[in-house]
Amino acid sequence: MKTDDLIDALAAGLEPAKPARPNPALLAVSGLAAVTAVILLLGVRPDLGQALQAATPWLKAIYTAALTGTAIWLATRLGRPGVDPRPAAVALMSIVGVVVLWGGIEMSLTPPDQRLASWLGQTWTICGRNILLVSAFAAPLVFLSVRKLAPTRPAAAGLALGVTAGGIAATAYGLLHCGEATAAFVATWYTLGVATAGLIGAAVGRFALRW
């Protein structure tokens, strides 16, 4: 058999390999871990049923869920060598930018004597800490979900995974526990909590995601 014929015979039954992606089951379990952490460590707000009938908790959840989904997209692109991560990175920054702009507009429409209270709320000193605490329960499962990926920039991939864990934690925290309602509060303190989780993820990713 000629070499060309042998190559053709070997290639005849080959099918394109499906691109690796994060494990959706592990990501779902990470969400359950975050919900459990909020319930056991922080507690559910006593007016939860009534609060969930309003738009505010769901608007917060849309923001943090959007951060989560876009960060997963970014981690996935970073985990496939040769794939450009910039579209996902731009989308992630755009989501933050929209909410920061929304918060700024809200502040401009708030009476000057009420702006500080509207921005700080009653829990600004513990909001980021609580999100970080809850993210610690989601993060191990988030990192395990990408075992099939092959990031060539482990710190950047770790950052994206940390933001994923932070976004999951912030979603559970915002729906079940936190009563803060202003866009300025969410744009600042929720974002800082998620960003801190991302920075910790970057430090962990340098070692945990190395080939």
# chains A, B, ... in the order shown; residues from 1 in each chain; ligands from 1

$ residues_around --residues "Val35 of chain A" --least-positions-apart "6" --cutoff "9 Å" --atoms "only C-alpha atoms" --output "CSV table (one decimal) with C-alpha atoms, in the first residue's frame"
chain,number,residue,atom,x,y,z
A,134,VAL,CA,-19.8,32.6,49.6
A,168,ILE,CA,-22.5,32.9,41.3
A,169,ALA,CA,-22.0,34.0,44.9
A,171,THR,CA,-26.4,36.2,42.6
A,172,ALA,CA,-27.2,33.9,45.5
A,173,TYR,CA,-26.4,36.6,48.0
A,176,LEU,CA,-31.6,35.5,49.3

$ select_by_dssp --residues "segment 142-173 of chain A" --states "helix (DSSP H, G or I)" --output "ChimeraX atom specification"
/A:142-144,154-173

$ write_last_selection --atoms "N, CA, C and O atoms" --output "PDB file, in the first residue's frame"
ATOM      1  N   VAL A 142     -16.090  25.411  40.442  1.00  0.00           N
ATOM      2  CA  VAL A 142     -15.891  26.163  39.194  1.00  0.00           C
ATOM      3  C   VAL A 142     -14.549  25.789  38.569  1.00  0.00           C
ATOM      4  O   VAL A 142     -14.460  25.545  37.359  1.00  0.00           O
ATOM      5  N   PHE A 143     -13.505  25.716  39.371  1.00  0.00           N
ATOM      6  CA  PHE A 143     -12.190  25.335  38.843  1.00  0.00           C
ATOM      7  C   PHE A 143     -12.190  23.901  38.341  1.00  0.00           C
ATOM      8  O   PHE A 143     -11.587  23.596  37.303  1.00  0.00           O
ATOM      9  N   LEU A 144     -12.865  22.994  39.059  1.00  0.00           N
ATOM     10  CA  LEU A 144     -12.926  21.602  38.609  1.00  0.00           C
ATOM     11  C   LEU A 144     -13.684  21.466  37.293  1.00  0.00           C
ATOM     12  O   LEU A 144     -13.439  20.534  36.519  1.00  0.00           O
ATOM     13  N   PRO A 154      -2.663  30.802  32.403  1.00  0.00           N
ATOM     14  CA  PRO A 154      -3.387  30.312  33.589  1.00  0.00           C
ATOM     15  C   PRO A 154      -3.847  31.409  34.534  1.00  0.00           C
ATOM     16  O   PRO A 154      -4.911  31.290  35.143  1.00  0.00           O
ATOM     17  N   ALA A 155      -3.086  32.499  34.660  1.00  0.00           N
ATOM     18  CA  ALA A 155      -3.521  33.577  35.550  1.00  0.00           C
ATOM     19  C   ALA A 155      -4.772  34.253  35.006  1.00  0.00           C
ATOM     20  O   ALA A 155      -5.718  34.538  35.760  1.00  0.00           O
ATOM     21  N   ALA A 156      -4.808  34.507  33.701  1.00  0.00           N
ATOM     22  CA  ALA A 156      -5.989  35.129  33.096  1.00  0.00           C
ATOM     23  C   ALA A 156      -7.195  34.203  33.181  1.00  0.00           C
ATOM     24  O   ALA A 156      -8.316  34.645  33.478  1.00  0.00           O
ATOM     25  N   ALA A 157      -6.977  32.913  32.938  1.00  0.00           N
ATOM     26  CA  ALA A 157      -8.073  31.953  33.055  1.00  0.00           C
ATOM     27  C   ALA A 157      -8.562  31.873  34.502  1.00  0.00           C
ATOM     28  O   ALA A 157      -9.762  31.783  34.763  1.00  0.00           O
ATOM     29  N   GLY A 158      -7.611  31.904  35.448  1.00  0.00           N
ATOM     30  CA  GLY A 158      -7.992  31.899  36.853  1.00  0.00           C
ATOM     31  C   GLY A 158      -8.793  33.134  37.228  1.00  0.00           C
ATOM     32  O   GLY A 158      -9.741  33.053  38.025  1.00  0.00           O
ATOM     33  N   LEU A 159      -8.436  34.269  36.661  1.00  0.00           N
ATOM     34  CA  LEU A 159      -9.207  35.497  36.890  1.00  0.00           C
ATOM     35  C   LEU A 159     -10.647  35.319  36.418  1.00  0.00           C
ATOM     36  O   LEU A 159     -11.600  35.662  37.126  1.00  0.00           O
ATOM     37  N   ALA A 160     -10.811  34.768  35.219  1.00  0.00           N
ATOM     38  CA  ALA A 160     -12.153  34.555  34.681  1.00  0.00           C
ATOM     39  C   ALA A 160     -12.945  33.581  35.547  1.00  0.00           C
ATOM     40  O   ALA A 160     -14.138  33.782  35.803  1.00  0.00           O
ATOM     41  N   LEU A 161     -12.290  32.538  36.036  1.00  0.00           N
ATOM     42  CA  LEU A 161     -12.972  31.567  36.885  1.00  0.00           C
ATOM     43  C   LEU A 161     -13.307  32.168  38.246  1.00  0.00           C
ATOM     44  O   LEU A 161     -14.352  31.857  38.831  1.00  0.00           O
ATOM     45  N   GLY A 162     -12.429  33.021  38.756  1.00  0.00           N
ATOM     46  CA  GLY A 162     -12.724  33.706  40.005  1.00  0.00           C
ATOM     47  C   GLY A 162     -13.915  34.626  39.864  1.00  0.00           C
ATOM     48  O   GLY A 162     -14.767  34.705  40.765  1.00  0.00           O
ATOM     49  N   VAL A 163     -14.002  35.343  38.746  1.00  0.00           N
ATOM     50  CA  VAL A 163     -15.168  36.191  38.487  1.00  0.00           C
ATOM     51  C   VAL A 163     -16.428  35.333  38.363  1.00  0.00           C
ATOM     52  O   VAL A 163     -17.507  35.713  38.832  1.00  0.00           O
ATOM     53  N   THR A 164     -16.290  34.161  37.740  1.00  0.00           N
ATOM     54  CA  THR A 164     -17.423  33.242  37.656  1.00  0.00           C
ATOM     55  C   THR A 164     -17.929  32.873  39.044  1.00  0.00           C
ATOM     56  O   THR A 164     -19.133  32.945  39.336  1.00  0.00           O
ATOM     57  N   ALA A 165     -16.995  32.459  39.915  1.00  0.00           N
ATOM     58  CA  ALA A 165     -17.379  32.088  41.281  1.00  0.00           C
ATOM     59  C   ALA A 165     -17.966  33.286  42.030  1.00  0.00           C
ATOM     60  O   ALA A 165     -18.965  33.155  42.758  1.00  0.00           O
ATOM     61  N   GLY A 166     -17.363  34.455  41.845  1.00  0.00           N
ATOM     62  CA  GLY A 166     -17.886  35.655  42.482  1.00  0.00           C
ATOM     63  C   GLY A 166     -19.265  36.020  41.981  1.00  0.00           C
ATOM     64  O   GLY A 166     -20.135  36.444  42.759  1.00  0.00           O
ATOM     65  N   GLY A 167     -19.488  35.869  40.683  1.00  0.00           N
ATOM     66  CA  GLY A 167     -20.802  36.166  40.123  1.00  0.00           C
ATOM     67  C   GLY A 167     -21.870  35.213  40.629  1.00  0.00           C
ATOM     68  O   GLY A 167     -22.999  35.622  40.925  1.00  0.00           O
ATOM     69  N   ILE A 168     -21.518  33.933  40.732  1.00  0.00           N
ATOM     70  CA  ILE A 168     -22.458  32.950  41.286  1.00  0.00           C
ATOM     71  C   ILE A 168     -22.794  33.310  42.728  1.00  0.00           C
ATOM     72  O   ILE A 168     -23.964  33.299  43.139  1.00  0.00           O
ATOM     73  N   ALA A 169     -21.762  33.638  43.507  1.00  0.00           N
ATOM     74  CA  ALA A 169     -21.965  34.003  44.907  1.00  0.00           C
ATOM     75  C   ALA A 169     -22.808  35.264  45.029  1.00  0.00           C
ATOM     76  O   ALA A 169     -23.730  35.339  45.868  1.00  0.00           O
ATOM     77  N   ALA A 170     -22.522  36.266  44.210  1.00  0.00           N
ATOM     78  CA  ALA A 170     -23.269  37.525  44.281  1.00  0.00           C
ATOM     79  C   ALA A 170     -24.728  37.334  43.896  1.00  0.00           C
ATOM     80  O   ALA A 170     -25.618  38.003  44.445  1.00  0.00           O
ATOM     81  N   THR A 171     -24.998  36.430  42.967  1.00  0.00           N
ATOM     82  CA  THR A 171     -26.383  36.165  42.573  1.00  0.00           C
ATOM     83  C   THR A 171     -27.163  35.555  43.737  1.00  0.00           C
ATOM     84  O   THR A 171     -28.274  35.990  44.058  1.00  0.00           O
ATOM     85  N   ALA A 172     -26.570  34.538  44.367  1.00  0.00           N
ATOM     86  CA  ALA A 172     -27.230  33.900  45.518  1.00  0.00           C
ATOM     87  C   ALA A 172     -27.390  34.891  46.666  1.00  0.00           C
ATOM     88  O   ALA A 172     -28.456  34.972  47.303  1.00  0.00           O
ATOM     89  N   TYR A 173     -26.352  35.667  46.916  1.00  0.00           N
ATOM     90  CA  TYR A 173     -26.378  36.647  48.007  1.00  0.00           C
ATOM     91  C   TYR A 173     -27.424  37.731  47.752  1.00  0.00           C
ATOM     92  O   TYR A 173     -28.192  38.098  48.646  1.00  0.00           O
TER      93      TYR A 173
END

$ atom_distance --atom1 "atom CA of Pro112 of chain A" --atom2 "atom CA of Val99 of chain A"
20.5 Å

$ closest_residue --among "A:Thr123, A:Ser94, A:Thr188, A:Thr182" --to "Thr56 of chain A" --atoms "only C-alpha atoms"
A:Thr182

$ residues_around --residues "Leu192 of chain A" --least-positions-apart "4" --cutoff "12 Å" --atoms "only C-alpha atoms" --output "JSON, numbers by chain"
{"A": [64, 96, 100, 124, 125, 126, 127, 128, 129, 130, 131, 132, 163, 166, 167, 170, 185, 186, 187, 188, 196, 197, 198, 199]}

$ residues_around --residues "Ala28 of chain A" --least-positions-apart "3" --cutoff "12 Å" --atoms "only C-alpha atoms" --output "list of chain:residue names"
A:Pro22, A:Asn23, A:Pro24, A:Ala25, A:Gly31, A:Leu32, A:Ala33, A:Ala34, A:Val35, A:Thr68, A:Ala138, A:Ala139, A:Leu141, A:Val142, A:Ser145, A:Thr164, A:Ala165, A:Ile168

$ write_last_selection --atoms "N, CA and C atoms" --output "compact mmCIF listing (two decimals), in the first residue's frame"
# COMPACT_ATOMS: atom_id res chain seq x y z
N PRO A 22 -16.52 23.91 29.74
CA PRO A 22 -16.70 23.64 31.16
C PRO A 22 -17.82 22.64 31.41
N ASN A 23 -17.69 21.88 32.48
CA ASN A 23 -18.69 20.88 32.84
C ASN A 23 -19.92 21.57 33.41
N PRO A 24 -21.07 21.50 32.72
CA PRO A 24 -22.26 22.23 33.20
C PRO A 24 -22.78 21.68 34.52
N ALA A 25 -22.62 20.38 34.76
CA ALA A 25 -23.11 19.80 36.02
C ALA A 25 -22.35 20.38 37.21
N GLY A 31 -23.48 26.50 41.95
CA GLY A 31 -24.59 27.39 42.30
C GLY A 31 -25.33 26.91 43.55
N LEU A 32 -25.53 25.60 43.64
CA LEU A 32 -26.17 25.04 44.83
C LEU A 32 -25.30 25.25 46.06
N ALA A 33 -23.98 25.14 45.88
CA ALA A 33 -23.07 25.37 47.00
C ALA A 33 -23.16 26.81 47.49
N ALA A 34 -23.28 27.75 46.56
CA ALA A 34 -23.40 29.16 46.94
C ALA A 34 -24.71 29.41 47.68
N VAL A 35 -25.80 28.84 47.19
CA VAL A 35 -27.09 29.01 47.86
C VAL A 35 -27.03 28.43 49.27
N THR A 68 -21.48 36.31 35.45
CA THR A 68 -21.14 34.89 35.53
C THR A 68 -21.06 34.26 34.15
N ALA A 138 -18.17 28.13 46.12
CA ALA A 138 -18.43 27.85 44.71
C ALA A 138 -17.15 27.63 43.91
N ALA A 139 -16.07 28.30 44.30
CA ALA A 139 -14.85 28.33 43.48
C ALA A 139 -14.24 26.96 43.21
N LEU A 141 -15.53 24.07 42.79
CA LEU A 141 -16.31 23.38 41.76
C LEU A 141 -16.18 24.09 40.42
N VAL A 142 -16.09 25.41 40.44
CA VAL A 142 -15.89 26.16 39.19
C VAL A 142 -14.55 25.79 38.57
N SER A 145 -14.59 22.40 37.02
CA SER A 145 -15.42 22.29 35.81
C SER A 145 -14.62 22.49 34.53
N THR A 164 -16.29 34.16 37.74
CA THR A 164 -17.42 33.24 37.66
C THR A 164 -17.93 32.87 39.04
N ALA A 165 -17.00 32.46 39.91
CA ALA A 165 -17.38 32.09 41.28
C ALA A 165 -17.97 33.29 42.03
N ILE A 168 -21.52 33.93 40.73
CA ILE A 168 -22.46 32.95 41.29
C ILE A 168 -22.79 33.31 42.73

$ residues_around --residues "Leu149 of chain A" --least-positions-apart "6" --cutoff "8 Å" --atoms "only C-alpha atoms" --output "ChimeraX atom specification"
/A:20-22,76,79-80

$ atom_distance --atom1 "atom CA of Arg153 of chain A" --atom2 "atom CA of Thr191 of chain A"
23.4 Å

$ atom_distance --atom1 "atom CA of Ala37 of chain A" --atom2 "atom CA of Ala181 of chain A"
21.9 Å

$ closest_atom_pairs --of "segment 53-79 of chain A" --to "segment 85-91 of chain A" --cutoff "6 Å" --atoms "only C-alpha atoms" --output "CSV"
residue,atom,partner,partner_atom,distance
A:Leu74,CA,A:Ala88,CA,4.9
A:Arg77,CA,A:Pro85,CA,5.3
A:Leu78,CA,A:Pro85,CA,5.8

$ write_last_selection --atoms "all heavy atoms" --output "short mmCIF file (atom, residue, chain, number, x, y, z; two decimals), in the first residue's frame"
data_model
loop_
_atom_site.label_atom_id
_atom_site.label_comp_id
_atom_site.auth_asym_id
_atom_site.auth_seq_id
_atom_site.Cartn_x
_atom_site.Cartn_y
_atom_site.Cartn_z
N LEU A 74 -15.46 33.75 28.78
CA LEU A 74 -14.07 34.17 28.73
C LEU A 74 -13.14 33.03 29.14
O LEU A 74 -12.12 32.78 28.49
CB LEU A 74 -13.86 35.38 29.65
CG LEU A 74 -12.43 35.90 29.79
CD1 LEU A 74 -11.86 36.31 28.44
CD2 LEU A 74 -12.40 37.08 30.76
N ARG A 77 -12.86 30.51 26.31
CA ARG A 77 -12.01 30.95 25.20
C ARG A 77 -10.53 30.93 25.61
O ARG A 77 -9.65 30.58 24.81
CB ARG A 77 -12.42 32.35 24.74
CG ARG A 77 -13.81 32.40 24.12
CD ARG A 77 -14.16 33.78 23.58
NE ARG A 77 -13.43 34.07 22.34
CZ ARG A 77 -13.84 33.73 21.13
NH1 ARG A 77 -14.97 33.07 20.96
NH2 ARG A 77 -13.13 34.05 20.06
N LEU A 78 -10.26 31.29 26.85
CA LEU A 78 -8.88 31.23 27.34
C LEU A 78 -8.38 29.79 27.47
O LEU A 78 -7.17 29.55 27.45
CB LEU A 78 -8.77 31.93 28.70
CG LEU A 78 -8.82 33.46 28.67
CD1 LEU A 78 -9.06 34.01 30.07
CD2 LEU A 78 -7.54 34.04 28.09
#

$ decode --residues "segment 73-207 of chain A" --atoms "C-alpha atoms" --output "CSV table (one decimal), in the first residue's frame"
chain,number,residue,atom,x,y,z
A,73,TRP,CA,-17.4,32.4,28.1
A,74,LEU,CA,-14.1,34.2,28.7
A,75,ALA,CA,-12.6,31.2,30.7
A,76,THR,CA,-13.7,28.9,27.9
A,77,ARG,CA,-12.0,31.0,25.2
A,78,LEU,CA,-8.9,31.2,27.3
A,79,GLY,CA,-8.9,27.4,27.7
A,80,ARG,CA,-8.8,26.8,24.0
A,81,PRO,CA,-5.3,27.6,22.6
A,82,GLY,CA,-5.4,29.9,19.7
A,83,VAL,CA,-8.8,31.3,20.4
A,84,ASP,CA,-9.0,35.1,20.8
A,85,PRO,CA,-10.4,35.9,24.2
A,86,ARG,CA,-11.0,39.6,23.5
A,87,PRO,CA,-14.7,39.4,22.5
A,88,ALA,CA,-15.5,37.9,25.8
A,89,ALA,CA,-13.3,40.3,27.7
A,90,VAL,CA,-14.9,43.3,26.0
A,91,ALA,CA,-18.4,41.9,26.7
A,92,LEU,CA,-17.5,41.5,30.4
A,93,MET,CA,-16.2,45.0,30.7
A,94,SER,CA,-19.2,46.3,28.8
A,95,ILE,CA,-21.6,44.8,31.3
A,96,VAL,CA,-19.8,46.4,34.2
A,97,GLY,CA,-19.6,49.7,32.3
A,98,VAL,CA,-23.4,49.7,31.7
A,99,VAL,CA,-24.2,49.1,35.4
A,100,VAL,CA,-21.6,51.7,36.5
A,101,LEU,CA,-23.2,54.2,34.1
A,102,TRP,CA,-26.7,53.3,35.4
A,103,GLY,CA,-25.5,53.9,38.9
A,104,GLY,CA,-23.9,57.2,37.9
A,105,ILE,CA,-27.2,58.4,36.3
A,106,GLU,CA,-29.1,57.3,39.4
A,107,MET,CA,-26.7,59.3,41.6
A,108,SER,CA,-27.1,62.4,39.5
A,109,LEU,CA,-30.9,62.2,39.9
A,110,THR,CA,-30.7,61.7,43.7
A,111,PRO,CA,-30.9,64.7,45.9
A,112,PRO,CA,-27.4,65.7,47.0
A,113,ASP,CA,-28.1,65.2,50.7
A,114,GLN,CA,-29.2,61.6,50.0
A,115,ARG,CA,-26.4,60.5,47.7
A,116,LEU,CA,-24.0,59.2,50.2
A,117,ALA,CA,-26.6,57.1,52.0
A,118,SER,CA,-27.9,55.8,48.6
A,119,TRP,CA,-24.3,54.8,47.6
A,120,LEU,CA,-23.2,53.3,50.8
A,121,GLY,CA,-26.5,51.7,51.9
A,122,GLN,CA,-26.4,50.0,55.3
A,123,THR,CA,-24.1,47.1,54.4
A,124,TRP,CA,-21.3,48.5,52.3
A,125,THR,CA,-18.7,47.4,54.8
A,126,ILE,CA,-19.7,43.8,54.6
A,127,CYS,CA,-21.1,43.3,51.1
A,128,GLY,CA,-17.9,42.5,49.4
A,129,ARG,CA,-16.7,40.3,52.3
A,130,ASN,CA,-19.9,38.3,52.2
A,131,ILE,CA,-19.7,37.8,48.4
A,132,LEU,CA,-16.1,36.6,48.8
A,133,LEU,CA,-17.1,34.3,51.6
A,134,VAL,CA,-19.8,32.6,49.6
A,135,SER,CA,-17.6,32.5,46.5
A,136,ALA,CA,-15.1,30.3,48.4
A,137,PHE,CA,-17.7,27.5,48.4
A,138,ALA,CA,-18.4,27.8,44.7
A,139,ALA,CA,-14.9,28.3,43.5
A,140,PRO,CA,-13.5,24.8,43.9
A,141,LEU,CA,-16.3,23.4,41.8
A,142,VAL,CA,-15.9,26.2,39.2
A,143,PHE,CA,-12.2,25.3,38.8
A,144,LEU,CA,-12.9,21.6,38.6
A,145,SER,CA,-15.4,22.3,35.8
A,146,VAL,CA,-12.6,23.3,33.4
A,147,ARG,CA,-10.4,20.3,33.8
A,148,LYS,CA,-10.8,19.5,30.1
A,149,LEU,CA,-9.6,22.9,29.0
A,150,ALA,CA,-6.0,23.8,28.3
A,151,PRO,CA,-5.4,27.5,29.2
A,152,THR,CA,-2.1,28.9,27.9
A,153,ARG,CA,-2.5,31.9,30.2
A,154,PRO,CA,-3.4,30.3,33.6
A,155,ALA,CA,-3.5,33.6,35.5
A,156,ALA,CA,-6.0,35.1,33.1
A,157,ALA,CA,-8.1,32.0,33.1
A,158,GLY,CA,-8.0,31.9,36.9
A,159,LEU,CA,-9.2,35.5,36.9
A,160,ALA,CA,-12.2,34.6,34.7
A,161,LEU,CA,-13.0,31.6,36.9
A,162,GLY,CA,-12.7,33.7,40.0
A,163,VAL,CA,-15.2,36.2,38.5
A,164,THR,CA,-17.4,33.2,37.7
A,165,ALA,CA,-17.4,32.1,41.3
A,166,GLY,CA,-17.9,35.7,42.5
A,167,GLY,CA,-20.8,36.2,40.1
A,168,ILE,CA,-22.5,32.9,41.3
A,169,ALA,CA,-22.0,34.0,44.9
A,170,ALA,CA,-23.3,37.5,44.3
A,171,THR,CA,-26.4,36.2,42.6
A,172,ALA,CA,-27.2,33.9,45.5
A,173,TYR,CA,-26.4,36.6,48.0
A,174,GLY,CA,-28.4,39.3,46.2
A,175,LEU,CA,-31.5,37.2,45.9
A,176,LEU,CA,-31.6,35.5,49.3
A,177,HIS,CA,-29.9,37.8,51.7
A,178,CYS,CA,-29.1,41.4,50.7
A,179,GLY,CA,-31.8,44.0,50.8
A,180,GLU,CA,-29.8,46.9,49.2
A,181,ALA,CA,-31.7,48.3,46.3
A,182,THR,CA,-29.7,51.1,44.5
A,183,ALA,CA,-27.9,50.7,41.3
A,184,ALA,CA,-25.0,52.7,42.7
A,185,PHE,CA,-24.6,50.3,45.6
A,186,VAL,CA,-24.6,47.2,43.3
A,187,ALA,CA,-22.3,48.8,40.7
A,188,THR,CA,-19.7,49.6,43.4
A,189,TRP,CA,-19.9,47.0,46.2
A,190,TYR,CA,-21.1,44.0,44.3
A,191,THR,CA,-18.6,44.6,41.6
A,192,LEU,CA,-15.8,45.0,44.1
A,193,GLY,CA,-16.7,41.7,45.7
A,194,VAL,CA,-16.8,39.9,42.4
A,195,ALA,CA,-13.6,41.6,41.3
A,196,THR,CA,-11.8,40.5,44.5
A,197,ALA,CA,-12.9,37.0,43.9
A,198,GLY,CA,-11.4,37.3,40.4
A,199,LEU,CA,-8.0,38.5,41.7
A,200,ILE,CA,-7.9,35.6,44.1
A,201,GLY,CA,-8.8,33.3,41.2
A,202,ALA,CA,-5.9,34.7,39.2
A,203,ALA,CA,-3.4,34.0,41.9
A,204,VAL,CA,-4.8,30.4,42.3
A,205,GLY,CA,-4.9,29.9,38.6
A,206,ARG,CA,-1.2,30.6,38.1
A,207,PHE,CA,-0.6,27.3,39.9
